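> I'm passing along target-v4.txt; it holds compact mmCIF, C-alpha atoms.
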# COMPACT_ATOMS: atom_id res chain seq x y z
CA MET N 144 -14.54 123.21 -39.49
CA LYS N 145 -16.39 120.32 -41.02
CA ASN N 146 -15.79 116.77 -42.20
CA LEU N 147 -12.87 116.56 -39.84
CA ILE N 148 -11.93 112.93 -40.36
CA THR N 149 -11.38 113.25 -44.11
CA ALA N 150 -9.93 116.77 -43.99
CA VAL N 151 -6.49 117.87 -42.95
CA LEU N 152 -4.87 114.46 -43.28
CA LEU N 153 -1.47 115.99 -43.86
CA ILE N 154 -1.77 118.28 -40.87
CA SER N 155 -2.74 115.48 -38.52
CA LEU N 156 0.57 113.77 -39.22
CA ILE N 157 2.55 116.74 -37.93
CA SER N 158 3.31 116.68 -34.22
CA CYS N 159 2.16 119.58 -32.10
CA ASN N 160 5.64 121.04 -31.67
CA THR N 161 7.42 120.08 -34.88
CA LYS N 162 7.87 122.48 -37.78
CA PRO N 163 6.82 121.15 -41.20
CA GLU N 164 9.52 120.20 -43.68
CA LYS N 165 8.14 122.62 -46.27
CA ALA N 166 7.59 126.25 -45.34
CA ILE N 167 4.52 127.94 -46.81
CA LEU N 168 5.13 131.55 -45.89
CA GLN N 169 7.59 133.58 -47.94
CA LYS N 170 8.32 136.95 -46.38
CA GLU N 171 8.98 138.58 -49.73
CA ASP N 172 5.36 137.83 -50.66
CA TYR N 173 3.78 139.84 -47.89
CA ASN N 174 6.34 142.13 -46.24
CA LYS N 175 5.08 145.00 -48.40
CA TYR N 176 1.69 144.70 -46.73
CA LEU N 177 3.05 144.92 -43.20
CA HIS N 178 3.54 148.68 -43.28
CA THR N 179 2.97 150.39 -39.97
CA ASP N 180 3.20 154.06 -40.97
CA LYS N 181 -0.04 154.35 -42.91
CA ASN N 182 -3.52 152.96 -43.22
CA LEU N 183 -4.82 153.50 -46.73
CA SER N 184 -8.29 152.17 -45.94
CA LEU N 185 -8.63 154.56 -43.03
CA ALA N 186 -7.36 157.49 -45.09
CA GLU N 187 -9.97 156.83 -47.78
CA ALA N 188 -12.73 156.44 -45.22
CA GLN N 189 -11.67 159.61 -43.43
CA LYS N 190 -11.73 161.48 -46.74
CA ASN N 191 -15.28 160.30 -47.38
CA LYS N 192 -16.27 161.20 -43.82
CA ASP N 193 -14.99 164.76 -44.24
CA PHE N 194 -16.77 165.13 -47.59
CA TRP N 195 -20.18 163.96 -46.39
CA SER N 196 -19.91 165.73 -43.05
CA LYS N 197 -19.42 169.02 -44.89
CA ARG N 198 -22.33 168.25 -47.22
CA ILE N 199 -24.59 167.77 -44.22
CA GLY N 200 -23.22 170.83 -42.44
CA GLU N 201 -25.57 172.23 -39.85
CA ASP N 202 -28.65 170.69 -41.44
CA SER N 203 -29.06 167.32 -39.75
CA THR N 204 -32.19 166.59 -41.79
CA LYS N 205 -30.32 166.03 -45.06
CA ILE N 206 -31.15 162.36 -45.42
CA THR N 207 -28.91 161.77 -48.46
CA GLY N 208 -25.83 162.94 -46.62
CA ILE N 209 -26.74 160.97 -43.50
CA THR N 210 -27.33 157.86 -45.59
CA LYS N 211 -23.90 158.23 -47.21
CA LEU N 212 -22.13 159.01 -43.95
CA ALA N 213 -23.43 156.03 -41.95
CA PRO N 214 -21.53 153.34 -43.91
CA VAL N 215 -18.39 155.49 -43.84
CA HIS N 216 -18.27 155.17 -40.07
CA ASN N 217 -18.68 151.43 -40.51
CA ASP N 218 -15.71 151.52 -42.91
CA ILE N 219 -13.67 153.31 -40.24
CA PHE N 220 -14.65 150.61 -37.76
CA ASN N 221 -13.47 147.93 -40.19
CA ALA N 222 -10.20 149.79 -40.79
CA THR N 223 -9.39 150.50 -37.14
CA GLY N 224 -11.43 148.17 -34.94
CA ASN N 225 -12.67 151.24 -33.05
CA VAL N 226 -16.07 150.02 -31.86
CA GLU N 227 -17.32 153.56 -31.19
CA GLU N 228 -17.45 154.08 -34.96
CA LEU N 229 -19.94 151.23 -35.16
CA TYR N 230 -22.17 153.01 -32.67
CA VAL N 231 -21.92 156.31 -34.57
CA SER N 232 -23.02 154.46 -37.69
CA GLU N 233 -25.97 153.04 -35.74
CA LYS N 234 -27.11 156.51 -34.66
CA LEU N 235 -26.91 157.83 -38.20
CA ILE N 236 -28.92 154.93 -39.61
CA LYS N 237 -31.58 155.47 -36.95
CA LYS N 238 -31.69 159.18 -37.86
CA ALA N 239 -32.11 158.36 -41.54
CA LEU N 240 -34.83 155.83 -40.71
CA SER N 241 -36.75 158.45 -38.74
CA LEU N 242 -36.53 160.91 -41.64
CA ALA N 243 -37.26 158.50 -44.47
CA ALA N 244 -40.61 158.80 -46.23
CA LYS N 245 -39.88 155.81 -48.45
CA ASN N 246 -37.51 152.83 -48.74
CA LYS N 247 -37.69 152.28 -44.99
CA ASP N 248 -36.86 148.62 -45.53
CA ASP N 249 -33.39 149.65 -46.77
CA TYR N 250 -32.67 151.43 -43.51
CA LEU N 251 -34.11 148.58 -41.46
CA ARG N 252 -31.74 146.15 -43.19
CA SER N 253 -28.80 148.50 -42.68
CA LEU N 254 -29.60 148.84 -38.99
CA ALA N 255 -30.02 145.06 -38.70
CA HIS N 256 -26.60 144.58 -40.27
CA ASN N 257 -25.13 146.98 -37.73
CA TYR N 258 -26.81 145.11 -34.88
CA ILE N 259 -25.44 141.80 -36.17
CA SER N 260 -21.94 143.30 -35.98
CA GLN N 261 -22.73 144.22 -32.37
CA HIS N 262 -24.06 140.69 -31.68
CA ARG N 263 -27.52 142.11 -30.98
CA PHE N 264 -29.11 139.25 -32.88
CA LYS N 265 -32.63 139.25 -31.50
CA GLU N 266 -33.01 142.98 -32.14
CA ALA N 267 -31.70 142.47 -35.67
CA LYS N 268 -34.30 139.75 -36.21
CA THR N 269 -37.09 142.12 -35.12
CA LEU N 270 -35.89 144.76 -37.60
CA LEU N 271 -35.75 142.26 -40.44
CA ASP N 272 -39.21 140.93 -39.67
CA THR N 273 -40.47 144.50 -39.96
CA ALA N 274 -38.57 145.05 -43.21
CA TYR N 275 -40.19 141.89 -44.59
CA THR N 276 -43.63 143.49 -44.28
CA TYR N 277 -42.67 145.89 -47.07
CA ASN N 278 -43.40 144.68 -50.57
CA ASP N 279 -40.21 146.02 -52.14
CA ASN N 280 -36.86 144.24 -52.00
CA LYS N 281 -38.14 141.15 -50.24
CA TYR N 282 -35.27 139.14 -51.73
CA ALA N 283 -32.71 141.37 -50.00
CA THR N 284 -34.55 140.89 -46.72
CA GLU N 285 -34.76 137.12 -47.22
CA LEU N 286 -31.00 137.00 -47.65
CA MET N 287 -30.54 138.63 -44.26
CA LEU N 288 -33.29 136.58 -42.65
CA PHE N 289 -31.26 133.51 -43.61
CA ASP N 290 -28.19 135.10 -41.99
CA ILE N 291 -29.94 135.96 -38.74
CA SER N 292 -31.65 132.58 -38.55
CA MET N 293 -28.23 130.93 -38.70
CA GLU N 294 -26.91 133.27 -36.00
CA LEU N 295 -29.85 132.44 -33.75
CA GLY N 296 -29.61 128.70 -34.30
CA GLU N 297 -32.99 128.63 -36.05
CA TYR N 298 -31.79 126.24 -38.72
CA LYS N 299 -35.19 125.09 -40.01
CA LYS N 300 -36.12 128.70 -40.72
CA ALA N 301 -32.73 129.27 -42.30
CA GLU N 302 -33.34 126.35 -44.65
CA GLU N 303 -36.74 127.76 -45.58
CA TYR N 304 -35.20 131.10 -46.50
CA LEU N 305 -32.42 129.36 -48.40
CA LYS N 306 -35.06 127.73 -50.60
CA LYS N 307 -36.75 131.08 -51.16
CA ILE N 308 -33.54 132.78 -52.31
CA LYS N 309 -32.31 129.92 -54.49
CA ASP N 310 -30.52 131.17 -57.60
CA ASN N 311 -27.40 129.29 -58.64
CA GLY N 312 -26.20 132.24 -60.69
CA ASN N 313 -26.47 134.70 -57.81
CA TYR N 314 -23.43 135.59 -55.72
CA ASN N 315 -25.44 136.31 -52.58
CA TYR N 316 -27.16 132.94 -52.79
CA LEU N 317 -23.93 131.01 -53.37
CA ILE N 318 -22.11 132.42 -50.36
CA ARG N 319 -25.08 131.48 -48.18
CA LEU N 320 -25.29 128.03 -49.73
CA SER N 321 -21.60 127.71 -48.90
CA LYS N 322 -22.29 128.66 -45.28
CA TRP N 323 -25.17 126.18 -45.12
CA SER N 324 -22.98 123.40 -46.52
CA ASP N 325 -20.34 124.20 -43.92
CA TYR N 326 -22.94 124.00 -41.17
CA LYS N 327 -24.14 120.62 -42.50
CA GLY N 328 -20.60 119.23 -42.39
CA ASN N 329 -20.02 119.30 -46.14
CA LEU N 330 -16.70 121.15 -46.35
CA ASP N 331 -16.06 120.13 -49.96
CA GLY N 332 -19.44 121.53 -50.94
CA ALA N 333 -18.81 124.72 -49.00
CA ILE N 334 -15.53 125.22 -50.87
CA ASN N 335 -17.13 124.44 -54.22
CA TYR N 336 -19.87 127.04 -53.76
CA MET N 337 -17.44 129.63 -52.46
CA GLU N 338 -15.20 129.07 -55.49
CA LYS N 339 -18.20 129.70 -57.74
CA ALA N 340 -18.98 132.85 -55.77
CA VAL N 341 -15.38 134.00 -56.24
CA LYS N 342 -15.74 133.68 -60.02
CA LEU N 343 -18.92 135.76 -59.95
CA ALA N 344 -17.23 138.37 -57.76
CA GLU N 345 -14.29 138.55 -60.16
CA SER N 346 -16.53 138.86 -63.20
CA SER N 347 -18.42 141.70 -61.52
CA GLY N 348 -15.22 143.62 -60.85
CA ASP N 349 -16.54 144.56 -57.42
CA LYS N 350 -13.48 144.94 -55.19
CA SER N 351 -15.37 144.56 -51.91
CA LEU N 352 -16.96 141.31 -53.07
CA MET N 353 -13.61 139.94 -54.18
CA VAL N 354 -11.92 140.88 -50.91
CA TRP N 355 -14.64 139.21 -48.85
CA SER N 356 -14.72 136.13 -51.07
CA TYR N 357 -10.94 135.67 -51.21
CA SER N 358 -10.50 135.91 -47.44
CA ASN N 359 -13.36 133.51 -46.72
CA LEU N 360 -12.15 131.04 -49.32
CA GLY N 361 -8.73 131.29 -47.68
CA ASP N 362 -10.37 130.22 -44.42
CA PHE N 363 -12.14 127.27 -46.01
CA TYR N 364 -8.95 126.05 -47.67
CA GLY N 365 -7.21 126.19 -44.30
CA HIS N 366 -9.99 124.11 -42.71
CA ALA N 367 -9.51 121.54 -45.47
CA GLY N 368 -5.74 121.33 -44.90
CA ARG N 369 -5.00 123.11 -48.18
CA ILE N 370 -2.59 125.51 -46.53
CA GLU N 371 -0.84 126.64 -49.70
CA ASP N 372 -4.19 127.53 -51.27
CA SER N 373 -5.21 129.31 -48.07
CA TYR N 374 -1.99 131.31 -48.19
CA LYS N 375 -2.54 132.16 -51.85
CA TYR N 376 -5.99 133.58 -51.19
CA TYR N 377 -4.91 135.62 -48.21
CA LEU N 378 -2.28 137.15 -50.50
CA LYS N 379 -4.94 137.81 -53.16
CA THR N 380 -6.99 139.55 -50.47
CA LEU N 381 -4.06 141.76 -49.50
CA ALA N 382 -3.25 142.57 -53.12
CA LEU N 383 -6.65 144.27 -53.32
CA ASP N 384 -6.81 145.51 -49.73
CA PRO N 385 -3.29 145.94 -48.27
CA ASP N 386 -4.72 146.92 -44.88
CA ASN N 387 -6.94 143.86 -44.48
CA ALA N 388 -6.40 142.82 -40.88
CA TYR N 389 -8.37 139.61 -41.28
CA ALA N 390 -6.08 138.26 -44.00
CA LYS N 391 -2.96 139.27 -42.06
CA LYS N 392 -4.24 137.43 -39.02
CA GLY N 393 -4.71 134.45 -41.34
CA LEU N 394 -1.04 134.67 -42.28
CA ALA N 395 -0.10 134.87 -38.61
CA TRP N 396 -2.13 131.73 -37.94
CA ILE N 397 -0.31 129.85 -40.71
CA ALA N 398 3.01 130.94 -39.19
CA TYR N 399 1.96 129.77 -35.75
CA SER N 400 -0.26 126.74 -36.27
CA PHE N 401 1.32 125.20 -39.36
CA GLU N 402 4.93 126.36 -39.30
CA LYS N 403 5.24 126.60 -35.50
CA ASP N 404 7.07 129.91 -35.99
CA THR N 405 5.76 132.15 -33.21
CA GLU N 406 8.39 134.80 -33.87
CA GLU N 407 7.10 135.37 -37.39
CA ALA N 408 3.48 135.07 -36.28
CA ASN N 409 4.05 137.77 -33.67
CA ARG N 410 5.84 139.98 -36.20
CA ILE N 411 2.85 139.81 -38.53
CA LEU N 412 0.39 140.35 -35.70
CA ASP N 413 2.37 143.31 -34.34
CA SER N 414 2.11 145.02 -37.72
CA VAL N 415 -1.68 144.58 -37.63
CA MET N 416 -2.03 145.90 -34.11
CA VAL N 417 -0.42 149.24 -34.95
CA ASN N 418 -3.48 150.41 -36.85
CA HIS N 419 -6.20 147.90 -35.99
CA LYS N 420 -7.36 147.44 -32.42
CA SER N 421 -9.09 144.17 -31.61
CA PRO N 422 -8.91 142.54 -28.15
CA ASP N 423 -8.68 138.99 -29.49
CA TYR N 424 -5.19 139.68 -30.86
CA TYR N 425 -3.98 139.56 -27.26
CA LEU N 426 -5.53 136.14 -26.80
CA LEU N 427 -3.65 134.81 -29.83
CA LYS N 428 -0.45 136.25 -28.39
CA ALA N 429 -1.28 134.62 -25.05
CA GLU N 430 -1.78 131.27 -26.77
CA MET N 431 1.53 131.55 -28.57
CA ALA N 432 3.26 132.41 -25.29
CA GLU N 433 1.70 129.31 -23.74
CA PHE N 434 2.98 127.28 -26.69
CA ASN N 435 6.46 128.65 -25.89
CA ASN N 436 6.02 127.66 -22.21
CA ASP N 437 6.12 131.29 -21.10
CA ALA N 438 3.34 131.35 -18.50
CA THR N 439 4.13 134.88 -17.33
CA LYS N 440 3.86 136.37 -20.79
CA ALA N 441 0.71 134.37 -21.49
CA GLU N 442 -0.96 135.78 -18.38
CA ASN N 443 0.18 139.31 -19.24
CA TYR N 444 -1.45 139.10 -22.66
CA SER N 445 -4.63 137.69 -21.14
CA GLU N 446 -4.72 140.67 -18.77
CA LYS N 447 -4.27 143.02 -21.72
CA PHE N 448 -7.28 141.36 -23.36
CA LEU N 449 -9.39 142.02 -20.27
CA THR N 450 -8.10 145.59 -20.04
CA ALA N 451 -9.01 146.26 -23.66
CA LEU N 452 -12.55 145.07 -22.98
CA SER N 453 -12.87 147.18 -19.84
CA GLU N 454 -11.67 150.32 -21.64
CA ASN N 455 -14.11 149.94 -24.55
CA ASP N 456 -17.83 149.25 -24.67
CA TYR N 457 -17.90 146.08 -26.75
CA LYS N 458 -21.22 145.01 -25.22
CA GLY N 459 -21.50 141.23 -25.76
CA MET N 460 -19.26 141.00 -28.81
CA TYR N 461 -16.52 139.10 -26.95
CA ASN N 462 -18.66 137.00 -24.60
CA ALA N 463 -17.52 133.71 -26.14
CA TYR N 464 -13.87 134.61 -25.53
CA LEU N 465 -14.66 135.73 -21.99
CA ILE N 466 -16.50 132.51 -21.20
CA GLU N 467 -13.50 130.45 -22.30
CA TYR N 468 -11.16 132.64 -20.23
CA TYR N 469 -13.29 132.74 -17.09
CA ALA N 470 -14.03 129.01 -17.26
CA GLU N 471 -10.46 128.48 -16.06
CA ASN N 472 -10.19 131.51 -13.77
CA ASN N 473 -13.68 132.37 -12.52
CA PRO N 474 -16.16 129.56 -13.35
CA GLU N 475 -19.15 131.29 -11.75
CA LYS N 476 -18.56 134.38 -13.89
CA ALA N 477 -18.22 132.13 -16.94
CA LEU N 478 -21.51 130.47 -16.07
CA GLU N 479 -23.27 133.82 -15.77
CA LEU N 480 -21.96 134.98 -19.16
CA ALA N 481 -22.74 131.63 -20.79
CA LYS N 482 -26.38 131.85 -19.72
CA GLU N 483 -26.54 135.35 -21.22
CA GLU N 484 -25.00 134.09 -24.46
CA VAL N 485 -27.47 131.21 -24.76
CA ASP N 486 -30.31 133.67 -24.20
CA ASN N 487 -28.85 135.90 -26.92
CA ARG N 488 -28.57 133.03 -29.41
CA ALA N 489 -29.32 129.43 -28.56
CA THR N 490 -26.95 127.60 -30.89
CA PRO N 491 -25.08 124.32 -30.34
CA GLU N 492 -21.91 126.39 -29.99
CA THR N 493 -23.28 128.62 -27.23
CA TYR N 494 -24.68 125.58 -25.43
CA SER N 495 -21.24 123.98 -25.63
CA LEU N 496 -19.83 127.07 -23.90
CA LEU N 497 -22.55 126.76 -21.26
CA SER N 498 -21.61 123.12 -20.71
CA LEU N 499 -17.95 124.10 -20.35
CA ALA N 500 -18.85 126.70 -17.73
CA GLN N 501 -21.08 124.20 -15.90
CA LEU N 502 -18.30 121.63 -15.92
CA LYS N 503 -15.69 124.03 -14.59
CA ALA N 504 -18.16 125.22 -11.93
CA GLY N 505 -18.49 121.63 -10.69
CA ASN N 506 -21.82 120.79 -12.31
CA LYS N 507 -20.69 117.92 -14.53
CA GLU N 508 -24.15 116.29 -14.67
CA GLU N 509 -25.78 119.52 -15.85
CA ALA N 510 -22.96 119.94 -18.36
CA LEU N 511 -23.64 116.47 -19.75
CA LYS N 512 -27.35 117.22 -20.02
CA ALA N 513 -26.62 120.39 -22.01
CA ILE N 514 -24.35 118.47 -24.38
CA GLU N 515 -26.78 115.62 -24.92
CA GLN N 516 -29.78 117.88 -25.49
CA HIS N 517 -28.29 120.78 -27.43
CA VAL N 518 -24.88 119.90 -28.89
CA GLU N 519 -24.55 116.19 -29.62
CA GLY N 520 -25.19 115.50 -33.31
CA LYS N 521 -26.07 119.14 -33.96
CA THR N 522 -22.75 120.71 -34.90
CA PHE N 523 -19.42 119.82 -36.50
CA GLU N 524 -17.56 122.77 -34.98
CA PRO N 525 -14.32 121.49 -33.39
CA MET N 526 -14.47 123.65 -30.25
CA ALA N 527 -17.97 122.38 -29.49
CA GLN N 528 -16.70 118.84 -30.07
CA TYR N 529 -13.77 119.44 -27.76
CA TYR N 530 -15.95 120.74 -24.95
CA SER N 531 -18.23 117.76 -25.46
CA ALA N 532 -15.27 115.43 -25.04
CA LEU N 533 -14.25 117.17 -21.81
CA VAL N 534 -17.76 116.70 -20.45
CA TYR N 535 -17.92 113.06 -21.57
CA LYS N 536 -14.59 112.36 -19.89
CA ALA N 537 -15.62 114.04 -16.65
CA ASN N 538 -18.76 111.90 -16.57
CA GLY N 539 -16.85 108.68 -17.22
CA GLN N 540 -18.21 108.18 -20.76
CA LYS N 541 -14.94 107.06 -22.31
CA GLU N 542 -16.73 105.35 -25.19
CA LYS N 543 -17.94 108.77 -26.36
CA VAL N 544 -14.57 110.45 -25.92
CA LYS N 545 -12.70 108.20 -28.33
CA PRO N 546 -14.57 109.00 -31.59
CA VAL N 547 -14.52 112.72 -30.84
CA LYS N 548 -10.79 112.56 -30.15
CA GLU N 549 -10.23 110.73 -33.44
CA GLU N 550 -12.27 113.30 -35.33
CA LEU N 551 -10.47 116.23 -33.75
CA SER N 552 -7.09 114.72 -34.60
CA GLY N 553 -7.77 115.87 -38.16
CA ALA N 554 -8.34 119.45 -37.04
CA SER N 555 -4.93 120.18 -35.53
CA TYR N 556 -4.31 123.12 -37.86
CA GLU N 557 -7.59 124.81 -37.01
CA MET N 558 -7.33 124.05 -33.31
CA GLY N 559 -3.72 125.15 -33.00
CA PRO N 560 -0.79 123.41 -31.28
CA VAL N 561 -1.82 124.18 -27.70
CA LEU N 562 -5.30 122.69 -27.99
CA SER N 563 -4.07 119.85 -30.17
CA LYS N 564 -1.78 118.78 -27.34
CA LYS N 565 -4.69 118.87 -24.91
CA ILE N 566 -6.83 116.85 -27.31
CA ALA N 567 -4.12 114.20 -27.49
CA GLN N 568 -4.31 113.91 -23.71
CA LEU N 569 -8.07 113.30 -23.59
Show me the file's structure as structure tokens.


Amino acid sequence: MKNLITAVLLISLISCNTKPEKAILQKEDYNKYLHTDKNLSLAEAQKNKDFWSKRIGEDSTKITGITKLAPVHNDIFNATGNVEELYVSEKLIKKALSLAAKNKDDYLRSLAHNYISQHRFKEAKTLLDTAYTYNDNKYATELMLFDISMELGEYKKAEEYLKKIKDNGNYNYLIRLSKWSDYKGNLDGAINYMEKAVKLAESSGDKSLMVWSYSNLGDFYGHAGRIEDSYKYYLKTLALDPDNAYAKKGLAWIAYSFEKDTEEANRILDSVMVNHKSPDYYLLKAEMAEFNNDATKAENYSEKFLTALSENDYKGMYNAYLIEYYAENNPEKALELAKEEVDNRATPETYSLLSLAQLKAGNKEEALKAIEQHVEGKTFEPMAQYYSALVYKANGQKEKVKPVKEELSGASYEMGPVLSKKIAQL
């Protein structure tokens, strides 16, 4: 979320517990997408998996089949949330890389993309650096080097790569320029570039590009307080991809954060959770239970989140969520995880999590040092701003709390009712 003072002016006028006068969601618009008896995306992916598995057969050296099968397992991961599919895809890409006599940079980029999904950012960077030594397809590698530089908080390098890939008529450049604008606090610019990218995606007729663009533009519109436009683009996403869990979660967030209708939000989320397993759904349910003053149910959902993580090998993919949870329940554990996360990627956001853990562990001076050195003036993200305000308040710096509180008052939709109430109490 960027440009918080000017954005979301309408939202900031709505109290944390009051429903808006005008409802955005219309059940007849999206009920058809909330089917629970089938998963079309999974069925298609499974069909492709069966086809390419048979083509490979007993001969595991058939590189064409392996190359085709690897992204299919990634598709299954996207359709189901089953993280083991991501690891199967990784193994297949590694196998193809070992067999390849040419185009090794393609496999290095594919493996780097897989590692990014796993939050193995430093390893992804190493792969991309190697891919960049190949003379072919340097542009494709530069695109991903921008991505990984942003993930690692290496913003000067990211800007250098952004200049290298500049092409205002190129979809891949525009979506990265949009991300850069968002990082710089220019939300209007981010929306403008994403809208241009949407037009290019539509003109190309590429369904996957349109789905990605529509859902991300829906997010940006929500950040800007354009809730109706956000809703429209989540619906456009679902029209192309009826199983898209990301867009459905976006609808659930509108129901909860804007309309204060937790019953409808839970109904939407329940339909997603039938076919798509992602631990963070339980955290959203826990937050909504807290909003409804049901502490028992909130704790139960938090426990389900932890159980889901313990039953599946998500590696460090949910560390940020765990740090936030343990900061309130086990500060020393939160501190341990926060240090790991900063080592994995030293961004203002991860340092803000470290400062939160330090604060909750009783090290308010260290927390303040982390904020002043690594967060202050370096990010517009509202959660990082909120943690900064908590640290400022704990250290008696009321003069720094006030402007942050004013800025966050414009982000009530993105922050949600529970956090918005806490912000008001700063």

> Please measure the separation of CA of Glu187 (chain N) and CA of Thr210 (chain N), giving the value in Å to one decimal.

17.5 Å

> Near Ala489 (chain N), within 10 Å and counting all atoms listed in the file, which residues show up once chain neighbours fewer than 6 positions away are dropped, as a VMD selection string?

chain N and resid 294 to 297 482 to 483 517

> Taking only C-alpha atoms into account, which of N:Ala429, N:Ile308, N:Leu562, N:Ala267 comes nearest Ala255 (chain N)?

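Closest to Ala255 (chain N) of all the choices is N:Ala267.
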
> What does the distance between CA of Asp423 (chain N) and CA of Leu168 (chain N) come to in Å, to one decimal place?

22.7 Å

> Could you name the residues that touch Leu497 (chain N) at 10 Å or less, counting only C-alpha atoms, but leaving out those on the same chain fewer than 3 positions away, as number ranges by chain?

N: 463, 466-467, 470, 477-485, 491-494, 500-503, 509-510, 513-514, 530

> I'd like to know which of N:Ala554, N:Met353, N:Leu499, N:Ala243 is closest to Ser400 (chain N), using all atoms listed in the file.

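The answer is N:Ala554, which sits nearest to Ser400 (chain N).
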
> Near region 302-304 of chain N, within 8 Å and counting all atoms listed in the file, which residues show up once chain neighbours fewer than 3 positions away are dropped, as a PyMOL selection string?

chain N and resi 285-286+288-289+298-299+307-308

> Would you save the residues of that selection, restricted to C-alpha atoms, as a PDB file, in the frame of the given file?


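The file below, part-v5.pdb, is the result:
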ATOM      1  CA  GLU N 285     -34.760 137.120 -47.220  1.00  0.00           C
ATOM      2  CA  LEU N 286     -31.000 137.000 -47.650  1.00  0.00           C
ATOM      3  CA  LEU N 288     -33.290 136.580 -42.650  1.00  0.00           C
ATOM      4  CA  PHE N 289     -31.260 133.510 -43.610  1.00  0.00           C
ATOM      5  CA  TYR N 298     -31.790 126.240 -38.720  1.00  0.00           C
ATOM      6  CA  LYS N 299     -35.190 125.090 -40.010  1.00  0.00           C
ATOM      7  CA  LYS N 307     -36.750 131.080 -51.160  1.00  0.00           C
ATOM      8  CA  ILE N 308     -33.540 132.780 -52.310  1.00  0.00           C
TER       9      ILE N 308
END

> Which one of N:Asp413, N:Glu402, N:Asp372, N:Glu454 sits closest to Ala388 (chain N) if you count all atoms listed in the file?

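That would be N:Asp413, the residue with the smallest distance to Ala388 (chain N).
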
> Place a sphere of radius 7 Å on (-21.6, 124.5, -33.9) in the file coordinates and name every protein, DNA or RNA residue with an atom inside or on its surface, counting all atoms listed in the file; give the answer as a PyMOL selection string.

chain N and resi 490-492+521-524+527

> So which one's closest to Glu371 (chain N), N:Lys192, N:Lys339, N:Ala398, N:Glu430? Using only C-alpha atoms, please.

N:Ala398

> One decimal, Å: what's the distance from CA of Asn257 (chain N) over to CA of Lys181 (chain N), could you say?

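That distance, rounded to one decimal, is 26.7 Å.
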
> Would you list the contacts of Leu240 (chain N) as a list in words, taking every protein, DNA or RNA residue within 12 Å and counting all atoms listed in the file, but skipping same-chain residues closer than 3 positions in sequence?

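Using all atoms listed in the file, the neighbours found are Thr204, Lys205, Ile206, Thr207, Ile209, Thr210, Ala213, Glu233, Lys234, Leu235, Ile236, Lys237, Ala243, Ala244, Lys245, Asn246, Lys247, Asp248, Asp249, Tyr250, Leu251, Arg252, Ser253, Leu254, Ala255, Leu270 and Ala274 of chain N.
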
> Calculated over only C-alpha atoms, which of the candidates N:Leu427, N:Ala451, N:Leu381, N:Ile370 has the smallest distance to Val354 (chain N)?

N:Leu381

> Counting all atoms listed in the file, which of N:Lys300, N:Lys375, N:Arg319, N:Arg263 gets nearest to Leu394 (chain N)?

N:Lys375

> Can you tell me which residues surround Phe434 (chain N) at a distance of at most 10 Å, considering all atoms listed in the file, apart from same-chain residues fewer than 6 positions away, and format the answer as a ChimeraX atom specification?

/N:159-160,399,403,405,428,441,559-562,564
